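J.: You'll find input_34.tsv just under this line, and it carries TSV, C-alpha atoms.
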```tsv
chain	number	residue	atom	x	y	z
A	1	MET	CA	0.00	0.00	0.00
A	2	ALA	CA	2.89	2.35	0.76
A	3	ILE	CA	4.24	1.87	-2.77
A	4	ALA	CA	0.87	2.72	-4.33
A	5	MET	CA	0.55	5.71	-2.00
A	6	ARG	CA	3.73	7.27	-3.45
A	7	TYR	CA	2.43	7.32	-6.98
A	8	ALA	CA	-1.26	7.96	-6.40
A	9	ALA	CA	-2.84	11.36	-6.13
A	10	ASP	CA	-4.88	10.31	-3.09
A	11	GLU	CA	-5.76	7.32	-0.92
A	12	HIS	CA	-8.65	6.16	-3.09
A	13	GLU	CA	-6.51	6.01	-6.19
A	14	ALA	CA	-3.90	4.13	-4.19
A	15	ALA	CA	-6.55	1.62	-3.15
A	16	ASP	CA	-7.63	1.19	-6.77
A	17	ILE	CA	-4.04	0.69	-7.87
A	18	LEU	CA	-3.43	-1.87	-5.16
A	19	GLY	CA	-6.62	-3.80	-5.87
A	20	GLN	CA	-6.03	-4.02	-9.60
A	21	ALA	CA	-2.40	-4.94	-9.03
A	22	PHE	CA	-3.46	-7.82	-6.80
A	23	VAL	CA	-5.97	-9.01	-9.40
A	24	LYS	CA	-3.22	-9.02	-12.01
A	25	MET	CA	-0.97	-10.82	-9.59
A	26	PHE	CA	-3.56	-13.56	-8.96
A	27	ARG	CA	-4.22	-13.98	-12.66
A	28	SER	CA	-0.57	-14.31	-13.57
A	29	ILE	CA	0.64	-16.12	-10.47
A	30	HIS	CA	1.37	-19.18	-12.63
A	31	SER	CA	3.94	-17.19	-14.60
A	32	PHE	CA	5.96	-16.23	-11.53
A	33	ASP	CA	9.46	-17.64	-11.76
A	34	THR	CA	11.38	-17.85	-8.48
A	35	SER	CA	14.66	-18.05	-10.34
A	36	LYS	CA	14.19	-14.51	-11.70
A	37	GLY	CA	13.59	-12.82	-8.36
A	38	ASN	CA	11.72	-12.91	-5.10
A	39	PHE	CA	8.00	-12.58	-4.76
A	40	HIS	CA	8.16	-9.18	-3.07
A	41	GLY	CA	10.12	-7.67	-5.95
A	42	TRP	CA	7.71	-9.19	-8.46
A	43	LEU	CA	4.67	-7.84	-6.66
A	44	LYS	CA	6.32	-4.42	-6.26
A	45	LYS	CA	6.94	-4.25	-9.99
A	46	ILE	CA	3.30	-5.12	-10.70
A	47	ILE	CA	2.14	-2.36	-8.36
A	48	ILE	CA	4.48	0.22	-9.90
A	49	ASN	CA	3.39	-0.73	-13.43
A	50	GLU	CA	-0.24	-0.43	-12.42
A	51	ALA	CA	0.45	2.95	-10.81
A	52	LEU	CA	2.18	4.19	-13.95
A	53	ASP	CA	-0.78	3.03	-16.04
A	54	HIS	CA	-3.05	5.15	-13.84
A	55	LEU	CA	-0.67	8.05	-14.17
A	56	LYS	CA	-0.61	7.80	-17.96
A	57	GLN	CA	-4.40	7.88	-18.03
A	58	ARG	CA	-4.65	11.18	-16.21
A	59	SER	CA	-1.65	12.97	-17.68
A	60	ARG	CA	0.50	13.16	-20.75
A	61	PHE	CA	4.25	13.20	-20.84
A	62	ALA	CA	5.62	16.15	-22.77
A	63	SER	CA	8.83	15.72	-24.66
A	64	LEU	CA	11.20	18.10	-22.95
A	65	GLU	CA	14.89	17.37	-23.31
A	66	LEU	CA	17.56	18.05	-20.75
A	67	ASP	CA	21.10	16.73	-20.74
A	68	THR	CA	22.16	17.46	-17.17
A	69	VAL	CA	20.18	17.49	-13.95
A	70	GLU	CA	20.77	20.30	-11.51
A	71	GLU	CA	21.14	19.43	-7.84
A	72	PRO	CA	19.65	22.25	-5.83
A	73	PHE	CA	20.72	22.65	-2.22
A	74	VAL	CA	18.15	21.59	0.37
A	75	ASN	CA	18.70	21.69	4.10
A	76	ASN	CA	18.36	18.09	5.31
A	77	SER	CA	17.39	19.14	8.79
A	78	ILE	CA	14.21	20.62	7.49
A	79	ILE	CA	13.20	17.32	5.93
A	80	GLU	CA	14.07	15.41	9.06
A	81	LYS	CA	11.82	17.65	11.14
A	82	THR	CA	8.97	17.55	8.70
A	83	ASP	CA	6.18	15.01	9.10
A	84	ALA	CA	6.09	12.09	6.62
A	85	ALA	CA	2.54	12.89	5.58
A	86	ALA	CA	3.55	16.48	4.86
A	87	ILE	CA	6.48	15.26	2.73
A	88	LEU	CA	4.10	13.01	0.84
A	89	GLN	CA	1.79	15.95	0.23
A	90	LEU	CA	4.73	17.94	-1.13
A	91	VAL	CA	5.59	15.16	-3.54
A	92	ARG	CA	1.97	14.84	-4.65
A	93	GLN	CA	1.87	18.51	-5.51
A	94	LEU	CA	4.35	17.91	-8.30
A	95	PRO	CA	2.99	17.67	-11.83
A	96	PRO	CA	1.99	14.05	-12.54
A	97	ALA	CA	4.82	13.23	-14.93
A	98	THR	CA	7.38	14.97	-12.79
A	99	HIS	CA	5.95	13.23	-9.75
A	100	ALA	CA	6.30	9.84	-11.39
A	101	VAL	CA	9.84	10.42	-12.55
A	102	PHE	CA	10.91	11.73	-9.14
A	103	VAL	CA	9.43	8.77	-7.24
A	104	LEU	CA	10.83	6.28	-9.71
A	105	TYR	CA	14.31	7.81	-9.58
A	106	ALA	CA	14.68	9.10	-6.03
A	107	ILE	CA	12.54	6.65	-4.05
A	108	ASP	CA	12.45	3.38	-5.99
A	109	GLY	CA	15.93	3.65	-7.44
A	110	TYR	CA	15.21	3.41	-11.18
A	111	ALA	CA	17.78	4.75	-13.65
A	112	HIS	CA	16.83	7.29	-16.31
A	113	LYS	CA	17.10	4.63	-18.97
A	114	GLU	CA	14.60	2.42	-17.15
A	115	ILE	CA	12.29	5.33	-16.50
A	116	ALA	CA	12.42	6.29	-20.16
A	117	ALA	CA	11.48	2.77	-21.15
A	118	GLN	CA	8.68	2.58	-18.59
A	119	LEU	CA	7.09	5.89	-19.54
A	120	ASN	CA	7.88	5.81	-23.26
A	121	ILE	CA	9.91	8.99	-23.05
A	122	SER	CA	13.52	9.82	-23.76
A	123	GLU	CA	16.24	9.86	-21.12
A	124	GLY	CA	16.56	13.62	-21.59
A	125	THR	CA	12.91	14.07	-20.79
A	126	SER	CA	13.33	11.93	-17.70
A	127	LYS	CA	16.23	14.10	-16.58
A	128	TRP	CA	14.23	17.25	-17.24
A	129	HIS	CA	11.39	15.96	-15.04
A	130	LEU	CA	13.84	15.09	-12.25
A	131	SER	CA	15.38	18.52	-12.43
A	132	GLU	CA	11.97	20.14	-12.31
A	133	ALA	CA	11.01	18.01	-9.33
A	134	ARG	CA	14.12	19.01	-7.41
A	135	LYS	CA	13.55	22.71	-8.14
A	136	ILE	CA	9.92	22.61	-7.04
A	137	LEU	CA	10.66	20.58	-3.92
A	138	GLN	CA	13.48	22.97	-2.92
A	139	GLN	CA	11.12	25.89	-3.18
A	140	LYS	CA	8.40	24.15	-1.19
A	141	ILE	CA	10.75	22.86	1.52
A	142	THR	CA	12.28	26.33	1.82
A	143	ALA	CA	8.76	27.72	2.12
A	144	ILE	CA	8.09	25.37	5.04
A	145	LYS	CA	11.09	26.79	6.80
A	146	VAL	CA	9.80	30.29	6.36
B	1	MET	CA	23.50	5.54	-13.04
B	2	ASN	CA	21.17	6.51	-10.24
B	3	THR	CA	22.73	9.23	-8.08
B	4	THR	CA	20.33	10.46	-5.45
B	5	THR	CA	21.01	13.45	-3.28
B	6	PRO	CA	21.06	13.15	0.51
B	7	TYR	CA	17.78	14.97	0.90
B	8	GLU	CA	16.16	12.59	-1.59
B	9	GLN	CA	17.31	9.68	0.54
B	10	LEU	CA	15.74	11.40	3.51
B	11	ILE	CA	12.51	11.89	1.57
B	12	ALA	CA	12.49	8.21	0.62
B	13	ALA	CA	12.95	7.22	4.22
B	14	LYS	CA	10.17	9.55	5.28
B	15	LEU	CA	7.80	8.18	2.64
B	16	ASP	CA	8.33	4.68	3.96
B	17	GLN	CA	6.99	5.91	7.28
B	18	VAL	CA	3.77	7.21	5.80
B	19	PRO	CA	0.85	5.70	7.70
B	20	VAL	CA	-1.23	3.43	5.54
B	21	PRO	CA	-4.98	4.05	5.70
B	22	ASP	CA	-7.11	1.19	6.92
B	23	MET	CA	-8.70	0.26	3.63
B	24	ALA	CA	-7.78	-3.40	3.59
B	25	ASP	CA	-11.36	-4.66	3.74
B	26	SER	CA	-12.58	-2.52	0.89
B	27	ILE	CA	-9.52	-3.38	-1.18
B	28	TRP	CA	-10.00	-7.11	-0.60
B	29	SER	CA	-13.70	-6.91	-1.42
B	30	GLY	CA	-12.83	-5.13	-4.64
B	31	ILE	CA	-10.28	-7.79	-5.52
B	32	GLU	CA	-12.78	-10.55	-4.75
B	33	MET	CA	-15.43	-8.88	-6.86
B	34	GLN	CA	-13.12	-8.57	-9.85
B	35	LEU	CA	-11.93	-12.14	-9.56
B	36	ASP	CA	-15.50	-13.43	-9.24
B	37	ALA	CA	-16.52	-11.42	-12.27
B	38	VAL	CA	-13.78	-13.13	-14.25
B	39	ALA	CA	-14.74	-16.55	-12.88
B	40	ASP	CA	-18.44	-16.08	-13.69
B	41	ASN	CA	-17.71	-15.38	-17.34
B	42	PRO	CA	-14.93	-17.75	-18.24
B	43	ASP	CA	-16.34	-18.29	-21.74
B	44	LYS	CA	-15.99	-14.69	-22.70
B	45	LYS	CA	-12.39	-15.15	-23.65
B	46	THR	CA	-12.72	-18.64	-25.04
B	47	SER	CA	-15.36	-17.98	-27.68
B	48	PRO	CA	-14.85	-14.52	-29.06
B	49	ARG	CA	-13.86	-15.91	-32.44
B	50	TYR	CA	-17.45	-16.81	-33.20
B	51	LYS	CA	-18.60	-13.28	-32.61
B	52	GLY	CA	-17.74	-10.23	-34.59
B	53	LYS	CA	-17.83	-8.83	-38.06
B	54	GLY	CA	-15.95	-11.73	-39.57
B	55	TRP	CA	-18.49	-14.24	-38.36
B	56	TYR	CA	-21.43	-12.15	-39.54
B	57	GLY	CA	-19.71	-11.67	-42.89
B	58	PHE	CA	-19.21	-15.41	-43.24
B	59	LEU	CA	-22.86	-16.03	-42.40
B	60	GLY	CA	-23.96	-13.45	-44.95
B	61	ILE	CA	-21.79	-14.87	-47.71
B	62	THR	CA	-22.99	-18.39	-46.97
B	63	ALA	CA	-26.62	-17.31	-47.03
B	64	THR	CA	-26.13	-15.43	-50.30
B	65	VAL	CA	-24.39	-18.35	-51.99
B	66	THR	CA	-27.09	-20.73	-50.81
B	67	LEU	CA	-29.83	-18.43	-52.10
B	68	LEU	CA	-28.10	-18.09	-55.47
B	69	CYS	CA	-27.72	-21.85	-55.75
B	70	VAL	CA	-31.40	-22.40	-54.96
B	71	LEU	CA	-32.48	-19.76	-57.48
B	72	TRP	CA	-30.16	-21.17	-60.14
B	73	TRP	CA	-31.44	-24.68	-59.57
B	74	HIS	CA	-35.03	-23.49	-59.58
B	75	TYR	CA	-34.75	-21.61	-62.86
B	76	SER	CA	-32.62	-24.21	-64.58
B	77	HIS	CA	-35.09	-26.90	-63.57
B	78	LYS	CA	-37.97	-24.77	-64.71
B	79	ASN	CA	-36.39	-24.11	-68.11
B	80	HIS	CA	-35.19	-27.62	-68.77
B	81	ALA	CA	-38.24	-29.50	-67.62
B	82	PRO	CA	-40.54	-28.44	-70.50
B	83	LYS	CA	-37.77	-29.15	-73.00
B	84	ASN	CA	-37.52	-32.70	-71.80
B	85	ALA	CA	-41.24	-33.18	-71.51
B	86	ALA	CA	-42.33	-31.42	-74.67
B	87	PRO	CA	-41.25	-33.08	-77.86
B	88	PRO	CA	-41.51	-31.24	-81.18
B	89	LEU	CA	-45.05	-30.05	-81.78
B	90	LYS	CA	-45.35	-30.87	-85.43
B	91	THR	CA	-48.01	-33.47	-85.60
B	92	LEU	CA	-50.42	-32.86	-82.80
B	93	LEU	CA	-51.16	-29.30	-82.06
B	94	ALA	CA	-54.44	-28.36	-80.58
B	95	PRO	CA	-56.12	-25.82	-82.83
B	96	LYS	CA	-56.42	-22.44	-81.28
B	97	ASP	CA	-59.79	-21.55	-82.68
B	98	SER	CA	-61.39	-24.81	-81.75
B	99	SER	CA	-63.91	-24.40	-79.07
B	100	PRO	CA	-63.21	-26.19	-75.86
B	101	VAL	CA	-64.69	-29.58	-75.60
B	102	ARG	CA	-67.58	-29.65	-73.28
B	103	ASP	CA	-68.18	-32.46	-70.97
B	104	SER	CA	-71.60	-33.49	-72.15
B	105	GLY	CA	-71.52	-36.86	-70.57
B	106	ASN	CA	-72.11	-38.52	-73.91
B	107	PRO	CA	-69.35	-40.42	-75.52
B	108	ILE	CA	-68.08	-39.03	-78.78
B	109	ARG	CA	-69.58	-41.08	-81.56
B	110	ASN	CA	-69.48	-39.11	-84.74
B	111	ILE	CA	-65.81	-39.02	-85.32
B	112	LYS	CA	-64.96	-39.81	-88.89
B	113	LYS	CA	-62.38	-42.38	-89.28
B	114	LYS	CA	-59.75	-41.85	-91.85
B	115	GLU	CA	-58.47	-44.82	-93.64
B	116	THR	CA	-54.79	-44.86	-93.23
B	117	PRO	CA	-52.38	-47.70	-93.36
B	118	ALA	CA	-51.94	-49.26	-90.03
B	119	ALA	CA	-48.29	-48.60	-89.83
B	120	PRO	CA	-46.72	-47.97	-86.44
B	121	VAL	CA	-46.26	-44.30	-86.04
B	122	ASN	CA	-44.57	-42.50	-83.28
B	123	VAL	CA	-47.06	-39.97	-82.15
B	124	GLU	CA	-45.91	-37.66	-79.48
B	125	VAL	CA	-48.33	-35.69	-77.50
B	126	ALA	CA	-48.04	-31.96	-77.11
B	127	PRO	CA	-48.23	-30.57	-73.62
B	128	ILE	CA	-51.51	-29.15	-72.57
B	129	THR	CA	-51.63	-25.49	-71.83
B	130	PRO	CA	-54.56	-23.98	-69.99
B	131	GLU	CA	-55.23	-21.39	-72.70
B	132	LYS	CA	-55.47	-23.82	-75.56
B	133	ASP	CA	-57.43	-26.48	-73.88
B	134	THR	CA	-59.86	-25.61	-71.20
B	135	LEU	CA	-61.11	-29.12	-70.96
B	136	SER	CA	-60.35	-30.75	-67.72
B	137	LEU	CA	-59.94	-34.26	-68.78
B	138	ASP	CA	-58.98	-35.37	-65.38
B	139	LYS	CA	-62.66	-35.20	-64.50
B	140	ILE	CA	-63.43	-37.68	-67.21
B	141	PRO	CA	-62.61	-41.25	-66.41
B	142	ALA	CA	-59.77	-42.49	-68.48
B	143	GLN	CA	-61.88	-45.31	-69.85
B	144	ASP	CA	-64.42	-42.92	-71.31
B	145	ILE	CA	-61.97	-41.28	-73.65
B	146	ASN	CA	-63.14	-42.43	-77.03
B	147	LEU	CA	-60.16	-41.92	-79.17
B	148	ASP	CA	-59.67	-42.80	-82.71
B	149	SER	CA	-59.49	-46.52	-83.00
B	150	LEU	CA	-56.39	-46.05	-84.99
B	151	PHE	CA	-54.58	-44.76	-81.97
B	152	ARG	CA	-56.20	-47.10	-79.57
B	153	GLN	CA	-55.43	-50.21	-81.45
B	154	HIS	CA	-52.36	-49.75	-83.49
B	155	LEU	CA	-50.41	-46.67	-82.68
B	156	PRO	CA	-47.89	-46.95	-79.93
B	157	VAL	CA	-48.25	-43.69	-78.08
B	158	LYS	CA	-45.37	-42.41	-76.12
B	159	ILE	CA	-46.64	-40.68	-73.06
B	160	ASP	CA	-44.39	-38.53	-71.03
B	161	SER	CA	-44.77	-38.79	-67.31
B	162	SER	CA	-45.43	-35.07	-67.06
B	163	VAL	CA	-48.67	-35.55	-68.99
B	164	LEU	CA	-49.92	-37.98	-66.42
B	165	GLN	CA	-52.06	-36.52	-63.71
B	166	ASN	CA	-53.58	-38.66	-60.97
B	167	ASN	CA	-52.63	-41.73	-62.99
B	168	LYS	CA	-54.81	-40.55	-65.87
B	169	VAL	CA	-53.65	-39.77	-69.30
B	170	LEU	CA	-54.43	-36.22	-70.28
B	171	PHE	CA	-54.90	-36.09	-73.99
B	172	PRO	CA	-55.79	-32.93	-75.76
B	173	PRO	CA	-58.80	-33.08	-77.99
B	174	ILE	CA	-57.56	-34.83	-81.02
B	175	ASP	CA	-58.81	-34.12	-84.47
B	176	SER	CA	-57.98	-37.16	-86.44
B	177	THR	CA	-58.31	-35.27	-89.71
B	178	GLY	CA	-55.42	-33.11	-88.74
B	179	ILE	CA	-53.12	-36.02	-88.38
B	180	LYS	CA	-50.77	-36.34	-91.27
B	181	LEU	CA	-49.62	-39.80	-91.68
B	182	PRO	CA	-46.99	-40.88	-94.10
B	183	GLY	CA	-48.59	-42.18	-97.28
B	184	LYS	CA	-47.85	-42.32	-100.96
B	185	LYS	CA	-46.32	-39.23	-102.35
B	186	PRO	CA	-47.89	-37.87	-105.54
B	187	LYS	CA	-45.85	-38.68	-108.55
B	188	GLY	CA	-44.65	-36.19	-111.13
B	189	VAL	CA	-44.52	-32.45	-111.06
B	190	LYS	CA	-47.48	-30.37	-110.09
B	191	GLY	CA	-49.12	-28.53	-112.99
B	192	ILE	CA	-47.92	-30.96	-115.66
B	193	THR	CA	-50.43	-33.41	-116.86
B	194	SER	CA	-50.02	-36.48	-119.03
B	195	GLU	CA	-51.25	-34.45	-122.02
B	196	ASP	CA	-48.06	-32.42	-121.85
B	197	TYR	CA	-46.01	-35.49	-122.45
B	198	ARG	CA	-47.92	-36.59	-125.54
B	199	LEU	CA	-45.78	-36.70	-128.74
B	200	SER	CA	-47.17	-35.65	-132.08
B	201	VAL	CA	-45.70	-35.74	-135.60
B	202	LYS	CA	-44.88	-32.37	-137.08
B	203	LYS	CA	-43.44	-31.31	-140.34
B	204	ASP	CA	-39.73	-31.31	-140.75
B	205	SER	CA	-38.54	-27.74	-140.71
B	206	THR	CA	-35.30	-28.59	-142.50
B	207	LYS	CA	-37.15	-29.67	-145.54
B	208	LYS	CA	-38.87	-26.39	-145.76
B	209	GLU	CA	-35.58	-24.51	-145.87
B	210	ASN	CA	-34.21	-26.72	-148.63
B	211	GLN	CA	-37.20	-26.24	-150.84
```
Could you write out this structure as structure tokens?
T.:
Amino acid sequence: MAIAMRYAADEHEAADILGQAFVKMFRSIHSFDTSKGNFHGWLKKIIINEALDHLKQRSRFASLELDTVEEPFVNNSIIEKTDAAAILQLVRQLPPATHAVFVLYAIDGYAHKEIAAQLNISEGTSKWHLSEARKILQQKITAIKV
Amino acid sequence: MNTTTPYEQLIAAKLDQVPVPDMADSIWSGIEMQLDAVADNPDKKTSPRYKGKGWYGFLGITATVTLLCVLWWHYSHKNHAPKNAAPPLKTLLAPKDSSPVRDSGNPIRNIKKKETPAAPVNVEVAPITPEKDTLSLDKIPAQDINLDSLFRQHLPVKIDSSVLQNNKVLFPPIDSTGIKLPGKKPKGVKGITSEDYRLSVKKDSTKKENQ
């Protein structure tokens, strides 16, 4: 549920994502191969794919190229003091595509190449979304401080 | 390569701590409902090939071809049947202007017999059309048909099965005088009598020139 919560816009969408992911999991349980990975990783991938399908339905991914990603400075102490729910609300305020790229890259550890393949965008577009996410989050976290 | 910043790692750690809402029951009921819906209609995915435009198109083509075959057979049968049943109508044609024979109940007695050699003749009967012959001979018993004795006794009549109705032979009214039977052909040339062949002695014209 926590995985679906990162990608969803709200709790109800997260519940829908989780339910449909479990249905897909039950339908394709016969195709699960233990030699390729553990069950938790397989189920996590199903949930992320389902979440990205939801995200594609409610937003479109513009083709915006960027070669390098800026790394804005953010005071870590602010994040440590901030409530987890508030951080989640900050992430959800990102534009949908930017939100997805940020969660995939920063939280779930995907590379830009994998994100580009998942979202049918170029690596440059993935980098642009990550840069945008970092800029927006820096502004919002700085605003919390103020 | 994935290079996350320290604050992103902090955000990831924070997001793992997000309290999960207690929606397990509703989520499980939704999952159960979707799985039951799939289980109730297992045939939906197994038999979609019989539904769709292709299947309707195949049905339509089959129906059209069948209809065309039936129509072709019907018309070909209709056109060929009279040809087989109706032989050449040279000898026995019912006269158009002859009045229809009335069923008076009396047998026909005053039919003149024509003396013709009793040679076997193939007489073929013309088909009866309602316009030419309004007589319904099927009402008359077959034994009451008083035909020319020539036919009854000597002539082998070929009767097509299509002429038979209720096991009775349907003959058109036959005028025996109209029957042309092969007889002796007239000799000689028409318009030349035996007088034209008579030889008479005339004067020699050569003698006249010499004198």
J.: Compile a residue-level contact table for chain B against chain A at a cut-off of 6 Å, reporting for every qualifying residue the shortest atom pair and its distance in Å to one decimal, with all atoms listed in the file counted, rows ordered by chain and ascending number, as JSON lines.
T.:
```
{"residue": "B:Met1", "atom": "CA", "partner": "A:Ala111", "partner_atom": "CA", "distance": 5.8}
{"residue": "B:Asn2", "atom": "CA", "partner": "A:Ala111", "partner_atom": "CA", "distance": 5.1}
{"residue": "B:Thr4", "atom": "CA", "partner": "A:Ala106", "partner_atom": "CA", "distance": 5.8}
{"residue": "B:Tyr7", "atom": "CA", "partner": "A:Asn76", "partner_atom": "CA", "distance": 5.4}
{"residue": "B:Glu8", "atom": "CA", "partner": "A:Ala106", "partner_atom": "CA", "distance": 5.8}
{"residue": "B:Ala12", "atom": "CA", "partner": "A:Ile107", "partner_atom": "CA", "distance": 4.9}
{"residue": "B:Lys14", "atom": "CA", "partner": "A:Ala84", "partner_atom": "CA", "distance": 5.0}
{"residue": "B:Leu15", "atom": "CA", "partner": "A:Ala84", "partner_atom": "CA", "distance": 5.8}
{"residue": "B:Val18", "atom": "CA", "partner": "A:Ala84", "partner_atom": "CA", "distance": 5.5}
{"residue": "B:Ile27", "atom": "CA", "partner": "A:Gly19", "partner_atom": "CA", "distance": 5.5}
{"residue": "B:Ile31", "atom": "CA", "partner": "A:Gly19", "partner_atom": "CA", "distance": 5.4}
```
J.: Go ahead and compute the interatomic distance for CA of Thr5 (chain B) and CA of Ser59 (chain A), in Å to one decimal.
T.: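 Taking CA of Thr5 (chain B) as the start and CA of Ser59 (chain A) as the end point, the length is 26.9 Å.
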J.: Expressed in Å to a single decimal, how great is the separation between CA of His129 (chain A) and CA of Pro96 (chain A)?
T.: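 Computed distance, CA of His129 (chain A) to CA of Pro96 (chain A), equals 9.9 Å.
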J.: Interatomic distance between CA of Gln93 (chain A) and CA of Ala9 (chain A)?
T.: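 CA of Ala9 (chain A) lies 8.6 Å from CA of Gln93 (chain A).
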